[in-house]
file my_file11.csv (CSV, C-alpha atoms)
chain,number,residue,atom,x,y,z
J,1,MET,CA,37.7,-5.2,8.8
J,2,LYS,CA,37.5,-4.1,12.5
J,3,ASN,CA,34.7,-3.4,14.9
J,4,THR,CA,32.6,-6.2,13.5
J,5,LYS,CA,30.6,-7.0,16.7
J,6,VAL,CA,27.5,-4.7,16.6
J,7,LEU,CA,24.6,-4.4,19.0
J,8,ILE,CA,21.4,-2.8,17.7
J,9,SER,CA,18.7,-1.7,20.0
J,10,GLY,CA,15.3,-1.9,18.4
J,11,ALA,CA,13.6,-4.5,16.1
J,12,SER,CA,11.0,-2.5,14.3
J,13,VAL,CA,12.1,-1.4,10.8
J,14,ALA,CA,15.4,0.5,11.1
J,15,GLY,CA,17.1,-2.2,13.2
J,16,PRO,CA,16.4,-5.2,11.1
J,17,ALA,CA,17.2,-3.2,7.9
J,18,LEU,CA,20.6,-2.3,9.3
J,19,ALA,CA,21.1,-5.9,10.4
J,20,TYR,CA,20.4,-7.1,6.9
J,21,TRP,CA,23.2,-5.1,5.4
J,22,LEU,CA,25.7,-5.5,8.2
J,23,GLU,CA,25.3,-9.3,8.2
J,24,ARG,CA,26.0,-9.3,4.4
J,25,TYR,CA,29.1,-7.1,4.9
J,26,GLY,CA,30.6,-9.6,7.4
J,27,PHE,CA,29.6,-8.0,10.7
J,28,GLU,CA,28.3,-10.0,13.7
J,29,VAL,CA,24.9,-8.6,14.6
J,30,THR,CA,22.8,-8.8,17.8
J,31,ILE,CA,19.5,-7.1,18.1
J,32,VAL,CA,17.9,-6.4,21.5
J,33,GLU,CA,14.2,-5.7,21.7
J,34,VAL,CA,12.2,-4.9,24.7
J,35,THR,CA,9.1,-6.7,23.5
J,36,ASP,CA,8.8,-10.5,23.6
J,37,GLY,CA,8.9,-10.7,19.8
J,38,LEU,CA,8.6,-8.5,16.7
J,39,ARG,CA,6.1,-5.8,17.8
J,40,ALA,CA,2.6,-6.2,16.5
J,41,GLY,CA,0.3,-3.4,15.3
J,42,GLY,CA,1.2,0.1,14.2
J,43,GLN,CA,-0.2,2.3,11.5
J,44,ALA,CA,0.0,1.9,7.8
J,45,ILE,CA,3.3,3.4,6.7
J,46,ASP,CA,4.8,4.3,3.3
J,47,VAL,CA,7.9,3.2,1.4
J,48,ARG,CA,8.8,5.9,-1.0
J,49,GLY,CA,11.5,7.2,-3.3
J,50,PRO,CA,15.0,6.0,-2.6
J,51,ALA,CA,13.7,3.5,0.0
J,52,LEU,CA,12.0,1.6,-2.8
J,53,GLU,CA,15.4,1.3,-4.5
J,54,VAL,CA,17.0,0.1,-1.2
J,55,ALA,CA,14.2,-2.4,-0.8
J,56,GLU,CA,14.8,-3.7,-4.3
J,57,ARG,CA,18.5,-4.1,-3.6
J,58,MET,CA,17.5,-6.1,-0.5
J,59,GLY,CA,15.4,-8.4,-2.6
J,60,VAL,CA,12.2,-7.6,-0.6
J,61,LEU,CA,10.5,-5.1,-2.9
J,62,GLU,CA,8.1,-7.7,-4.5
J,63,ARG,CA,7.2,-9.1,-1.0
J,64,ILE,CA,6.4,-5.6,0.1
J,65,ARG,CA,4.2,-5.0,-3.0
J,66,GLU,CA,2.4,-8.3,-2.4
J,67,GLN,CA,1.5,-7.3,1.2
J,68,ARG,CA,0.7,-3.7,0.5
J,69,VAL,CA,-2.5,-2.2,1.9
J,70,GLN,CA,-5.2,-2.6,-0.8
J,71,MET,CA,-7.5,0.5,-1.0
J,72,ARG,CA,-10.3,1.5,-3.4
J,73,GLY,CA,-10.7,4.9,-2.0
J,74,MET,CA,-11.8,7.1,0.8
J,75,SER,CA,-14.6,9.3,2.2
J,76,MET,CA,-14.7,12.4,4.5
J,77,VAL,CA,-17.9,12.6,6.6
J,78,ASP,CA,-19.5,15.1,8.9
J,79,THR,CA,-20.6,14.7,12.5
J,80,GLU,CA,-23.8,12.8,11.4
J,81,GLY,CA,-21.9,10.5,9.1
J,82,ASN,CA,-23.0,12.2,5.9
J,83,GLU,CA,-20.4,12.0,3.1
J,84,LEU,CA,-18.8,15.3,2.4
J,85,TYR,CA,-16.3,14.1,-0.1
J,86,ARG,CA,-15.0,10.9,-1.6
J,87,SER,CA,-12.2,9.9,-3.9
J,88,GLU,CA,-11.3,6.7,-5.8
J,89,GLU,CA,-8.0,8.2,-6.9
J,90,ARG,CA,-6.3,8.8,-3.6
J,91,THR,CA,-6.5,8.3,0.2
J,92,ILE,CA,-5.5,10.4,3.2
J,93,THR,CA,-3.0,7.8,4.4
J,94,ALA,CA,-1.2,7.0,1.1
J,95,GLY,CA,-1.8,9.7,-1.4
J,96,ASP,CA,-2.4,9.2,-5.1
J,97,PHE,CA,-3.0,5.7,-6.3
J,98,ASP,CA,-0.9,6.3,-9.5
J,99,SER,CA,2.2,7.0,-7.3
J,100,PRO,CA,4.9,4.3,-7.2
J,101,ASP,CA,4.8,4.6,-3.3
J,102,ILE,CA,3.8,1.5,-1.4
J,103,GLU,CA,1.6,1.6,1.7
J,104,ILE,CA,2.0,-1.3,4.1
J,105,LEU,CA,1.2,-2.1,7.7
J,106,ARG,CA,4.2,-1.5,9.9
J,107,ASP,CA,4.2,-4.9,11.5
J,108,ASP,CA,4.1,-6.6,8.0
J,109,LEU,CA,7.1,-4.5,6.8
J,110,SER,CA,9.0,-5.3,10.0
J,111,ARG,CA,8.5,-9.0,9.5
J,112,ILE,CA,9.5,-9.0,5.9
J,113,ILE,CA,12.8,-7.2,6.6
J,114,ALA,CA,13.6,-9.4,9.6
J,115,ASP,CA,13.0,-12.5,7.6
J,116,ALA,CA,15.3,-11.1,4.9
J,117,ALA,CA,18.0,-10.4,7.4
J,118,GLY,CA,18.1,-14.2,8.1
J,119,ASP,CA,19.1,-16.6,10.8
J,120,GLY,CA,22.6,-15.1,11.2
J,121,VAL,CA,21.2,-12.3,13.3
J,122,GLU,CA,21.0,-12.9,17.0
J,123,TYR,CA,17.8,-11.6,18.8
J,124,LEU,CA,17.5,-10.8,22.5
J,125,PHE,CA,13.8,-10.4,22.9
J,126,GLY,CA,12.2,-9.2,26.2
J,127,ASP,CA,15.3,-7.3,27.2
J,128,SER,CA,16.8,-3.9,26.9
J,129,ILE,CA,20.0,-1.9,27.6
J,130,ALA,CA,20.3,-0.7,31.2
J,131,ALA,CA,23.8,0.8,31.0
J,132,LEU,CA,26.6,1.5,28.6
J,133,GLU,CA,30.3,1.9,29.4
J,134,GLU,CA,32.7,2.7,26.7
J,135,ASP,CA,36.5,2.4,26.6
J,136,GLY,CA,39.0,2.4,23.9
J,137,ASP,CA,38.3,-1.1,22.7
J,138,GLY,CA,34.5,-1.4,22.9
J,139,VAL,CA,31.3,-0.8,24.7
J,140,ARG,CA,30.4,-2.8,27.9
J,141,VAL,CA,26.6,-3.3,27.8
J,142,THR,CA,24.6,-4.2,30.9
J,143,PHE,CA,21.2,-5.5,30.0
J,144,ARG,CA,18.1,-5.2,32.3
J,145,SER,CA,18.2,-9.0,32.5
J,146,GLY,CA,21.5,-8.7,34.3
J,147,THR,CA,23.6,-10.1,31.4
J,148,VAL,CA,26.8,-8.2,30.6
J,149,ARG,CA,28.4,-8.3,27.2
J,150,THR,CA,30.9,-6.2,25.2
J,151,PHE,CA,30.4,-5.0,21.7
J,152,ASP,CA,32.5,-3.0,19.3
J,153,LEU,CA,29.7,-0.7,18.3
J,154,VAL,CA,26.1,0.1,19.6
J,155,VAL,CA,23.3,1.4,17.4
J,156,GLY,CA,20.2,3.0,18.8
J,157,ALA,CA,17.3,2.2,16.5
J,158,ASP,CA,14.8,2.3,19.3
J,159,GLY,CA,12.4,5.1,18.2
J,160,ALA,CA,11.7,8.6,19.1
J,161,HIS,CA,11.8,7.8,22.9
J,162,SER,CA,15.1,6.1,22.4
J,163,ASN,CA,16.6,4.5,25.6
J,164,THR,CA,20.0,4.4,23.9
J,165,ARG,CA,19.9,8.1,23.2
J,166,ARG,CA,18.9,8.9,26.8
J,167,LEU,CA,21.8,6.8,28.2
J,168,VAL,CA,24.4,8.3,25.9
J,169,PHE,CA,23.3,11.8,24.9
J,170,GLY,CA,21.1,12.9,27.7
J,171,PRO,CA,17.4,13.6,28.5
J,172,GLU,CA,14.9,13.5,25.7
J,173,GLU,CA,13.8,17.1,26.4
J,174,ARG,CA,17.0,18.3,24.8
J,175,PHE,CA,16.2,16.9,21.4
J,176,ILE,CA,12.4,16.6,21.0
J,177,SER,CA,10.2,19.2,19.3
J,178,HIS,CA,6.5,18.9,19.9
J,179,LEU,CA,4.3,19.7,16.8
J,180,GLY,CA,1.0,20.3,18.6
J,181,THR,CA,-0.9,17.0,18.0
J,182,TYR,CA,-1.3,13.6,19.7
J,183,LEU,CA,-2.3,10.5,17.8
J,184,GLY,CA,-3.6,7.1,18.9
J,185,VAL,CA,-3.5,4.0,16.6
J,186,TRP,CA,-4.9,0.5,17.2
J,187,THR,CA,-6.6,-2.5,15.6
J,188,ALA,CA,-10.4,-3.0,15.9
J,189,PRO,CA,-13.1,-5.2,14.3
J,190,ASN,CA,-14.4,-4.0,11.0
J,191,PHE,CA,-17.8,-3.1,12.5
J,192,LEU,CA,-18.5,-0.6,9.7
J,193,GLY,CA,-18.2,-3.3,7.0
J,194,LEU,CA,-15.6,-1.3,5.0
J,195,ASP,CA,-14.4,-2.9,1.8
J,196,ARG,CA,-10.9,-1.7,1.0
J,197,TRP,CA,-12.0,1.7,2.1
J,198,GLN,CA,-11.1,4.4,4.6
J,199,VAL,CA,-13.4,6.9,6.3
J,200,PHE,CA,-12.2,10.0,8.1
J,201,HIS,CA,-14.0,12.7,10.1
J,202,GLN,CA,-12.6,16.1,11.0
J,203,MET,CA,-14.0,17.5,14.2
J,204,PRO,CA,-15.6,21.0,13.8
J,205,GLY,CA,-13.1,23.7,14.6
J,206,SER,CA,-10.2,21.3,14.6
J,207,ALA,CA,-7.6,20.1,12.2
J,208,TRP,CA,-7.9,16.6,13.7
J,209,GLY,CA,-10.4,14.0,14.5
J,210,GLY,CA,-10.2,10.4,13.4
J,211,GLY,CA,-10.7,7.7,10.9
J,212,VAL,CA,-10.6,4.0,10.1
J,213,MET,CA,-9.2,2.0,7.2
J,214,SER,CA,-10.0,-1.7,6.5
J,215,VAL,CA,-6.9,-4.0,6.4
J,216,ARG,CA,-6.1,-7.7,6.2
J,217,ASP,CA,-8.8,-8.6,3.6
J,218,ASN,CA,-11.3,-6.4,5.4
J,219,GLU,CA,-11.2,-8.6,8.5
J,220,GLU,CA,-10.1,-5.7,10.7
J,221,VAL,CA,-9.5,-2.0,10.7
J,222,ARG,CA,-6.8,0.3,11.9
J,223,VAL,CA,-8.1,3.2,13.9
J,224,TYR,CA,-6.5,6.7,13.9
J,225,LEU,CA,-7.8,9.2,16.4
J,226,GLY,CA,-6.0,12.5,17.2
J,227,PHE,CA,-6.4,15.8,18.9
J,228,GLU,CA,-4.5,19.1,19.1
J,229,ALA,CA,-2.5,20.2,22.1
J,230,ALA,CA,-0.5,23.4,21.9
J,231,GLU,CA,1.8,22.3,24.7
J,232,PRO,CA,3.3,18.9,25.5
J,233,LEU,CA,1.3,16.8,27.9
J,234,ALA,CA,2.9,15.2,30.9
J,235,TYR,CA,2.3,11.4,30.9
J,236,ASP,CA,4.3,8.2,31.1
J,237,TYR,CA,4.7,6.9,27.5
J,238,ARG,CA,4.8,3.4,28.9
J,239,ASP,CA,1.5,3.6,30.7
J,240,SER,CA,-1.1,2.7,28.0
J,241,ALA,CA,-4.0,2.9,30.4
J,242,ALA,CA,-3.2,6.6,31.2
J,243,GLN,CA,-2.8,7.3,27.5
J,244,LYS,CA,-6.1,5.8,26.6
J,245,LYS,CA,-7.8,8.0,29.2
J,246,ILE,CA,-6.1,11.1,27.8
J,247,LEU,CA,-7.4,10.2,24.3
J,248,ALA,CA,-10.9,9.4,25.5
J,249,ASP,CA,-11.2,12.6,27.5
J,250,ALA,CA,-9.9,14.7,24.6
J,251,LEU,CA,-12.5,13.3,22.2
J,252,ALA,CA,-15.4,13.0,24.6
J,253,GLY,CA,-18.6,14.2,23.0
J,254,GLY,CA,-17.3,13.8,19.4
J,255,GLY,CA,-19.7,13.0,16.6
J,256,TRP,CA,-19.8,10.4,13.8
J,257,GLU,CA,-18.5,7.0,15.1
J,258,LEU,CA,-15.9,8.4,17.5
J,259,PRO,CA,-17.7,7.0,20.6
J,260,ARG,CA,-17.8,3.5,19.2
J,261,LEU,CA,-14.2,3.7,18.0
J,262,LEU,CA,-13.1,4.8,21.5
J,263,GLU,CA,-14.9,1.8,23.0
J,264,THR,CA,-12.8,-0.5,20.9
J,265,MET,CA,-9.7,1.2,22.2
J,266,TRP,CA,-9.9,-0.2,25.8
J,267,ASP,CA,-9.3,-3.8,24.9
J,268,ALA,CA,-7.1,-3.2,21.9
J,269,PRO,CA,-4.0,-5.5,22.1
J,270,ASP,CA,-1.8,-3.1,20.0
J,271,PHE,CA,-2.7,0.4,21.2
J,272,HIS,CA,-0.1,3.0,20.4
J,273,PHE,CA,-0.2,6.7,21.5
J,274,ASP,CA,2.3,9.5,21.0
J,275,SER,CA,2.8,13.1,20.1
J,276,MET,CA,3.5,14.3,16.7
J,277,ALA,CA,7.1,15.3,17.4
J,278,GLN,CA,10.5,15.6,15.8
J,279,ILE,CA,14.0,14.7,17.1
J,280,LYS,CA,16.8,17.1,16.1
J,281,MET,CA,20.4,16.6,17.1
J,282,ASP,CA,23.7,18.3,16.3
J,283,SER,CA,25.3,14.9,16.0
J,284,TRP,CA,23.9,11.4,15.6
J,285,SER,CA,26.9,9.7,17.2
J,286,LYS,CA,29.1,9.8,20.2
J,287,GLY,CA,32.2,7.6,20.5
J,288,ARG,CA,31.2,4.0,19.5
J,289,VAL,CA,27.4,4.7,19.7
J,290,VAL,CA,25.3,5.9,16.8
J,291,LEU,CA,21.6,6.6,16.3
J,292,LEU,CA,19.5,5.5,13.4
J,293,GLY,CA,16.0,6.4,12.2
J,294,ASP,CA,13.5,8.0,14.6
J,295,ALA,CA,16.0,7.7,17.5
J,296,GLY,CA,18.2,10.3,15.8
J,297,TYR,CA,16.0,12.2,13.4
J,298,CYS,CA,12.3,11.4,13.8
J,299,GLY,CA,10.4,13.4,11.2
J,300,SER,CA,6.9,12.7,12.8
J,301,PRO,CA,4.0,11.1,10.9
J,302,LEU,CA,3.3,14.5,9.5
J,303,SER,CA,6.3,14.0,7.2
J,304,GLY,CA,5.1,10.7,5.8
J,305,GLN,CA,8.8,9.9,5.5
J,306,GLY,CA,9.9,8.2,8.8
J,307,THR,CA,10.0,4.7,7.4
J,308,SER,CA,11.8,5.7,4.2
J,309,MET,CA,14.4,7.7,6.2
J,310,ALA,CA,14.9,4.6,8.4
J,311,ILE,CA,15.4,2.3,5.5
J,312,VAL,CA,17.7,4.7,3.6
J,313,GLY,CA,19.6,5.5,6.8
J,314,ALA,CA,20.2,1.8,7.5
J,315,TYR,CA,21.6,1.3,4.1
J,316,VAL,CA,23.9,4.3,4.3
J,317,LEU,CA,25.2,3.6,7.8
J,318,ALA,CA,26.0,0.0,6.9
J,319,GLY,CA,27.6,1.1,3.6
J,320,GLU,CA,29.8,3.7,5.3
J,321,LEU,CA,30.9,1.1,7.9
J,322,LYS,CA,31.8,-1.3,5.1
J,323,LYS,CA,33.6,1.5,3.1
J,324,ALA,CA,35.6,2.5,6.2
J,325,GLY,CA,36.6,-1.1,7.0
J,326,GLY,CA,34.8,-0.8,10.3
J,327,ASP,CA,36.5,2.4,11.4
J,328,HIS,CA,33.5,3.9,13.3
J,329,ARG,CA,34.9,7.5,13.4
J,330,GLU,CA,35.2,7.7,9.6
J,331,ALA,CA,32.0,5.8,9.0
J,332,PHE,CA,29.8,7.8,11.4
J,333,ALA,CA,31.1,11.0,9.9
J,334,GLY,CA,30.3,9.8,6.4
J,335,TYR,CA,26.9,8.6,7.5
J,336,GLU,CA,26.0,12.2,8.6
J,337,ARG,CA,27.5,13.9,5.6
J,338,GLU,CA,25.5,11.6,3.3
J,339,LEU,CA,22.1,11.9,5.1
J,340,ARG,CA,22.0,15.4,6.8
J,341,GLY,CA,20.5,17.3,3.8
J,342,TYR,CA,17.9,14.5,3.1
J,343,VAL,CA,16.8,14.4,6.7
J,344,ALA,CA,16.6,18.2,7.1
J,345,ALA,CA,14.4,18.5,4.0
J,346,ASN,CA,12.0,15.7,5.1
J,347,GLN,CA,11.7,17.2,8.6
J,348,GLU,CA,10.9,20.6,7.1
J,349,LEU,CA,8.3,18.8,4.9
J,350,ALA,CA,6.4,17.9,8.1
J,351,LEU,CA,6.3,21.5,9.2
J,352,THR,CA,4.8,22.6,5.9
J,353,ASN,CA,2.3,19.7,5.9
J,354,LYS,CA,1.2,20.9,9.3
J,355,ALA,CA,0.9,24.5,8.0
J,356,ARG,CA,-1.2,23.3,5.2
J,357,VAL,CA,-3.6,21.5,7.5
J,358,ASP,CA,-3.8,24.5,9.8
J,359,ALA,CA,-4.4,26.9,6.9
J,360,GLN,CA,-7.3,24.7,5.7
J,361,ARG,CA,-8.9,24.6,9.2
J,362,ASP,CA,-8.6,28.4,9.5
J,363,ALA,CA,-10.1,29.0,6.1
J,364,GLU,CA,-13.0,26.8,7.0
J,365,MET,CA,-13.6,28.8,10.1
J,366,GLY,CA,-13.4,32.1,8.2
J,367,LYS,CA,-10.1,33.2,9.7
J,368,GLU,CA,-7.4,35.0,7.8
J,369,THR,CA,-4.5,32.7,6.9
J,370,GLU,CA,-0.9,33.4,6.1
J,371,LEU,CA,0.3,32.2,2.7
J,372,VAL,CA,2.6,29.2,3.0
J,373,ASP,CA,5.2,28.3,0.5
J,374,PHE,CA,4.4,24.6,0.3
J,375,GLN,CA,7.2,22.4,-0.8
J,376,ASP,CA,7.0,19.9,-3.7
J,377,PHE,CA,6.5,16.6,-1.9
J,378,GLY,CA,7.7,14.4,-4.8
J,379,GLU,CA,10.8,16.6,-5.3
J,380,ILE,CA,11.8,16.2,-1.7
J,381,VAL,CA,11.0,12.5,-1.5
J,382,ASN,CA,13.1,11.6,-4.5
J,383,ALA,CA,15.9,14.0,-3.9
J,384,PHE,CA,18.3,11.4,-2.4
J,385,THR,CA,20.5,9.4,-4.8
J,386,VAL,CA,21.2,5.9,-3.5
J,387,ARG,CA,25.0,5.3,-4.0
J,388,ASP,CA,26.8,2.0,-4.4
J,389,TYR,CA,28.9,0.7,-1.5
call {"tool": "encode", "arguments": {"input": "my_file11.csv", "output": "structure tokens"}}
result
Amino acid sequence: MKNTKVLISGASVAGPALAYWLERYGFEVTIVEVTDGLRAGGQAIDVRGPALEVAERMGVLERIREQRVQMRGMSMVDTEGNELYRSEERTITAGDFDSPDIEILRDDLSRIIADAAGDGVEYLFGDSIAALEEDGDGVRVTFRSGTVRTFDLVVGADGAHSNTRRLVFGPEERFISHLGTYLGVWTAPNFLGLDRWQVFHQMPGSAWGGGVMSVRDNEEVRVYLGFEAAEPLAYDYRDSAAQKKILADALAGGGWELPRLLETMWDAPDFHFDSMAQIKMDSWSKGRVVLLGDAGYCGSPLSGQGTSMAIVGAYVLAGELKKAGGDHREAFAGYERELRGYVAANQELALTNKARVDAQRDAEMGKETELVDFQDFGEIVNAFTVRDY
């Protein structure tokens, strides 16, 4: 085995999942993460299809099930808070209750996977990559802390705004595709007294609005507020104060509980705001550097598949490195061959999901709508066959 010393940038889901497999295959793994520990907060996410099988092979499936989000149902309400629709069979965030899919908070999933990866993984918290310099034998990494180390391979698992991708492949603008919506997510007190329930409100004339879902034994809620924007907005994605103002301005004057929800945003410790966007690249690797999950092929929350693609991608990338005996050229090529079709189908799924929402809005406003050939969600989700490595 060669090229066994691997640096992973990012400690959310994709990074620790890759570390789990690499460590078991005999690689020496270091993870660098810009935050001071595993990142708190984040929306409820779904583990579906082949990702469930990978989780079972990792021995974490039961823990994920134990910590899944517990919901009894959902309501849609109007501007005055009157219930328009309710269901005790499905929710907006997770779909049908009789599905094998598992909905779990992102930070809970991250912690479960990091725990499973074990103590053999080195973490560099509160740091990030400042520069990468590759030669024939490895990658010389300069960290923002000033430390300089050399690794055989570097993996960017640092999200849609990947610093690794920017350093190696170029500006984000080359690869990002805006899908016309911005979304804010944060934790707030359960002031509505929700009991394993979620409530959503769609603003008149818009496909978006907001909602809340109770989590952690109803002690808190996760808030989701979004708005439409045909063109990308110019803002610093690291400036949370500016992002909060953007969201507050966009939803000013909204009905239902939107004003009270926005009030909880200002002091939220885990506020996250971003565009619904996709990352599309001709290649996920360059030399000894490779991208994983959202960094290379973000599907956007509209796909509902970002987490599953990250988990499956981590399994395949590690498996291909094992299969190739650490030969990164062979492994990275195999990784792309194995995953390209699955990723493309799931990214397309986001586009048809968006078209479905837009068609519903237009119909409610009395506009003519184009017929959309909606894809079979379950067929796409389960299309990937998990191979043995």
call {"tool": "residues_around", "arguments": {"input": "my_file11.csv", "residues": "range 214-228 of chain J", "least_positions_apart": "3", "cutoff": "6 Å", "atoms": "all atoms listed in the file", "output": "ChimeraX atom specification"}}
result
/J:180-190,194-197,208-211
call {"tool": "closest_residue", "arguments": {"input": "my_file11.csv", "among": "J:Asp282, J:Glu172, J:Asp46, J:Glu338", "to": "Pro100 in chain J", "atoms": "all atoms listed in the file"}}
result
J:Asp46
call {"tool": "atom_distance", "arguments": {"input": "my_file11.csv", "atom1": "CA of Ser303 in chain J", "atom2": "CA of Tyr315 in chain J"}}
result
20.1 Å
call {"tool": "closest_residue", "arguments": {"input": "my_file11.csv", "among": "J:Pro204, J:Gly287, J:Gly299, J:Gly313", "to": "Leu132 in chain J", "atoms": "only C-alpha atoms"}}
result
J:Gly287
call {"tool": "residues_around", "arguments": {"input": "my_file11.csv", "residues": "Thr307 in chain J", "least_positions_apart": "6", "cutoff": "8 Å", "atoms": "all atoms listed in the file", "output": "list in words"}}
result
Val13, Ala14, Ile45, Asp46, Val47 and Gly293 of chain J
call {"tool": "closest_atom_pairs", "arguments": {"input": "my_file11.csv", "of": "range 7-53 of chain J", "to": "range 109-114 of chain J", "cutoff": "7 Å", "atoms": "all atoms listed in the file", "output": "JSON lines"}}
result
{"residue": "J:Ser12", "atom": "CA", "partner": "J:Ser110", "partner_atom": "CA", "distance": 5.5}
{"residue": "J:Val13", "atom": "CA", "partner": "J:Ser110", "partner_atom": "CA", "distance": 5.0}
{"residue": "J:Pro16", "atom": "CA", "partner": "J:Ala114", "partner_atom": "CA", "distance": 5.3}
{"residue": "J:Ala17", "atom": "CA", "partner": "J:Ile113", "partner_atom": "CA", "distance": 6.1}
call {"tool": "atom_distance", "arguments": {"input": "my_file11.csv", "atom1": "CA of Phe143 in chain J", "atom2": "CA of Val312 in chain J"}}
result
28.5 Å
call {"tool": "closest_atom_pairs", "arguments": {"input": "my_file11.csv", "of": "range 67-123 of chain J", "to": "range 20-26 of chain J", "cutoff": "8 Å", "atoms": "only C-alpha atoms", "output": "CSV"}}
result
residue,atom,partner,partner_atom,distance
J:Ile113,CA,J:Tyr20,CA,7.6
J:Ala114,CA,J:Tyr20,CA,7.7
J:Ala116,CA,J:Tyr20,CA,6.8
J:Ala117,CA,J:Tyr20,CA,4.1
J:Gly118,CA,J:Tyr20,CA,7.6
J:Gly120,CA,J:Glu23,CA,7.1
J:Val121,CA,J:Glu23,CA,7.2
call {"tool": "residues_around", "arguments": {"input": "my_file11.csv", "residues": "Val154 in chain J", "least_positions_apart": "5", "cutoff": "7 Å", "atoms": "all atoms listed in the file", "output": "ChimeraX atom specification"}}
result
/J:6-8,288-290
call {"tool": "atom_distance", "arguments": {"input": "my_file11.csv", "atom1": "CA of Gly42 in chain J", "atom2": "CA of Glu173 in chain J"}}
result
24.4 Å
call {"tool": "residues_around", "arguments": {"input": "my_file11.csv", "residues": "Leu38 in chain J", "least_positions_apart": "2", "cutoff": "10 Å", "atoms": "all atoms listed in the file", "output": "JSON, numbers by chain"}}
result
{"J": [10, 11, 12, 13, 33, 34, 35, 36, 40, 41, 107, 108, 110, 111, 114, 123, 125]}
call {"tool": "closest_residue", "arguments": {"input": "my_file11.csv", "among": "J:Gly254, J:Asp127, J:Leu18, J:Lys323", "to": "Gly205 in chain J", "atoms": "all atoms listed in the file"}}
result
J:Gly254
call {"tool": "residues_around", "arguments": {"input": "my_file11.csv", "residues": "Trp284 in chain J", "least_positions_apart": "3", "cutoff": "9 Å", "atoms": "all atoms listed in the file", "output": "ChimeraX atom specification"}}
result
/J:281,289-292,295-297,332,336
call {"tool": "closest_residue", "arguments": {"input": "my_file11.csv", "among": "J:Ile176, J:Val60, J:Ile31, J:Cys298", "to": "Ile129 in chain J", "atoms": "all atoms listed in the file"}}
result
J:Ile31
call {"tool": "closest_residue", "arguments": {"input": "my_file11.csv", "among": "J:Arg86, J:Ala310, J:Gly156, J:Glu56", "to": "Phe169 in chain J", "atoms": "all atoms listed in the file"}}
result
J:Gly156
call {"tool": "closest_residue", "arguments": {"input": "my_file11.csv", "among": "J:Asp78, J:Asp152, J:Asp119, J:Glu28", "to": "Asp327 in chain J", "atoms": "only C-alpha atoms"}}
result
J:Asp152
